[in-house]
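Report on the structure given below.
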Amino acid sequence: MTPTSIQRILPRRAIAILTLTAALVVSLAPSRLLAPAWADDPMSVVRTTVNQALGVLRDNQTPLAQRQDKLRQIVSATFDFTAMAKSALGYHWKQITPGQQQEFTSAFVAFIEDSYLSKVNDYRGQQVAFLRMTSDGPQYAQVNTDIVQGDKEPIHLNYSLVQEDATWKIYDVTVDAISIIANYRNQFNRVMNNQGYATLISDLKNKQAALAASLANH
């Protein structure tokens with residue numbers, strides 16, 4: 001598995017929409033106005049975040065670096081990356097040491113965040129329709145949205161959230177019924193089974209370093 005192969009974890013269409021998802025959670029409001037992860041319900045978390053983002057993304061006067069900084073803040077506040085990293089590694093999570101678990105989580109978070117940051121300017125005026133919220137139990141919920149693209153068929157983008165200590169956070173996103181985390185898990189499982197943890201973490205770190213270098217040159 002080469003460093004660039006991680007980029008092929010998702011099908012091309014899913015990667016494109018993951019990029020749009022990242023762009024839709026950026027906000028340049030002061031920190032106290034960032035989408036509150038402690039909002040009353042999951043729909044409020046998603047709606048507030050996206051509505052703030054859409055207003056900002058339409059403002060082409062804002063410097064790119066400033067948008068990237070706020071994107072990192074809002075993603076960190078809204079996504080449960082620890083749960084995402086654990087789920088992405090699947091049953092292999094219990095096979096690595098606590099130190100490796102921490103190392104993998106850090107590398108995975110950095111990779112996801114830098115993937116998002118590198119695509120901030122991909123927004124092209126799409127609108128978001130908030131459809132419904134459904135409960136998957138006392139602590140789990142899903143918020144269904146559509147990305148409206150004019151005359152094109154809308155893209156179904158659904159957020160899975162978990163409540164921890166009265167805080168709702170996103171732990172997965174499905175794009176036209178394709179789970180982002182499941183796609184990562186499939187790829188990571190193949191690498192772990194065939195080449196082991198050392199190869200996986202090396203490739204993940206190399207890809208993240210390339211993304212970070214690209215961001216620094218913007």
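So you can find residues: chains in the structure tokens are A, B, ... in the order shown, residues in each start at 1, and ligands are numbered from 1 in order.
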* Asked: Among stretch 45-203 of chain A, which ones does DSSP place in strand (DSSP E), written as a VMD selection string?
  -> chain A and resid 127 to 135 140 to 149 152 to 164 167 to 175 178 to 179
Could you build a table of the residues in stretch 62-147 of chain A lying no more than 9 Å from stretch 159-177 of chain A, giving for each the nearest pair of atoms and their separation in Å rounded to one decimal place, using only C-alpha atoms, ordered by chain and ascending residue number, as a Markdown table?
```
| residue | atom | partner | partner_atom | distance |
| --- | --- | --- | --- | --- |
| A:Ala77 | CA | A:Lys169 | CA | 8.0 |
| A:Thr78 | CA | A:Lys169 | CA | 5.3 |
| A:Phe79 | CA | A:Ile170 | CA | 4.6 |
| A:Asp80 | CA | A:Tyr171 | CA | 5.2 |
| A:Phe81 | CA | A:Tyr171 | CA | 6.9 |
| A:Thr82 | CA | A:Tyr171 | CA | 8.7 |
| A:Ala83 | CA | A:Tyr171 | CA | 6.4 |
| A:Met84 | CA | A:Tyr171 | CA | 5.6 |
| A:Pro138 | CA | A:Gln163 | CA | 8.4 |
| A:Gln139 | CA | A:Gln163 | CA | 4.9 |
| A:Tyr140 | CA | A:Val162 | CA | 4.6 |
| A:Ala141 | CA | A:Leu161 | CA | 5.3 |
| A:Gln142 | CA | A:Ser160 | CA | 4.5 |
| A:Val143 | CA | A:Tyr159 | CA | 5.1 |
| A:Asn144 | CA | A:Tyr159 | CA | 6.5 |
| A:Thr145 | CA | A:Tyr159 | CA | 8.1 |
```
Could those selected residues go to a file with N, CA and C atoms, as an mmCIF file, in the first residue's frame?
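Heads up, here's the output in result-v8.cif:
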```
data_model
loop_
_atom_site.group_PDB
_atom_site.id
_atom_site.type_symbol
_atom_site.label_atom_id
_atom_site.label_comp_id
_atom_site.auth_asym_id
_atom_site.auth_seq_id
_atom_site.Cartn_x
_atom_site.Cartn_y
_atom_site.Cartn_z
ATOM 1 N N ALA A 77 -14.619 20.319 17.340
ATOM 2 C CA ALA A 77 -15.680 20.468 18.331
ATOM 3 C C ALA A 77 -16.896 19.600 18.027
ATOM 4 N N THR A 78 -17.092 19.257 16.762
ATOM 5 C CA THR A 78 -18.338 18.619 16.348
ATOM 6 C C THR A 78 -18.204 17.130 16.067
ATOM 7 N N PHE A 79 -17.020 16.677 15.668
ATOM 8 C CA PHE A 79 -16.818 15.278 15.310
ATOM 9 C C PHE A 79 -16.141 14.520 16.444
ATOM 10 N N ASP A 80 -16.597 13.298 16.698
ATOM 11 C CA ASP A 80 -15.977 12.427 17.686
ATOM 12 C C ASP A 80 -14.923 11.584 16.979
ATOM 13 N N PHE A 81 -13.733 12.155 16.830
ATOM 14 C CA PHE A 81 -12.696 11.485 16.058
ATOM 15 C C PHE A 81 -12.149 10.247 16.755
ATOM 16 N N THR A 82 -12.182 10.222 18.079
ATOM 17 C CA THR A 82 -11.711 9.036 18.779
ATOM 18 C C THR A 82 -12.577 7.835 18.435
ATOM 19 N N ALA A 83 -13.896 8.035 18.480
ATOM 20 C CA ALA A 83 -14.813 6.959 18.113
ATOM 21 C C ALA A 83 -14.662 6.589 16.642
ATOM 22 N N MET A 84 -14.433 7.584 15.793
ATOM 23 C CA MET A 84 -14.275 7.319 14.367
ATOM 24 C C MET A 84 -13.011 6.504 14.095
ATOM 25 N N PRO A 138 -31.542 5.732 22.921
ATOM 26 C CA PRO A 138 -31.448 6.866 23.840
ATOM 27 C C PRO A 138 -30.284 7.804 23.545
ATOM 28 N N GLN A 139 -29.176 7.266 23.010
ATOM 29 C CA GLN A 139 -27.977 8.081 22.828
ATOM 30 C C GLN A 139 -27.542 8.230 21.377
ATOM 31 N N TYR A 140 -28.326 7.692 20.454
ATOM 32 C CA TYR A 140 -27.922 7.726 19.055
ATOM 33 C C TYR A 140 -29.017 8.336 18.188
ATOM 34 N N ALA A 141 -28.606 9.066 17.164
ATOM 35 C CA ALA A 141 -29.567 9.698 16.268
ATOM 36 C C ALA A 141 -28.945 9.873 14.892
ATOM 37 N N GLN A 142 -29.816 10.102 13.915
ATOM 38 C CA GLN A 142 -29.362 10.384 12.554
ATOM 39 C C GLN A 142 -30.103 11.599 12.024
ATOM 40 N N VAL A 143 -29.369 12.483 11.392
ATOM 41 C CA VAL A 143 -29.948 13.661 10.755
ATOM 42 C C VAL A 143 -29.769 13.504 9.249
ATOM 43 N N ASN A 144 -30.882 13.521 8.523
ATOM 44 C CA ASN A 144 -30.865 13.364 7.071
ATOM 45 C C ASN A 144 -30.907 14.731 6.394
ATOM 46 N N THR A 145 -30.002 14.928 5.450
ATOM 47 C CA THR A 145 -29.992 16.161 4.671
ATOM 48 C C THR A 145 -29.810 15.822 3.203
#
```
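In this model, the gap between atom CA of A:Phe111 and atom CA of A:Pro63 comes to 22.5 Å.
Among the candidate residues A:Asn194, A:Ser76, A:Asn60, A:Asn158, the one lying nearest to A:Val109 is A:Ser76, with distances computed using only C-alpha atoms.
Distances to A:Glu113 were evaluated for A:Gln195, A:Gln126, A:Gln73, A:Asn183 using only C-alpha atoms, and the minimum falls at A:Gln73.
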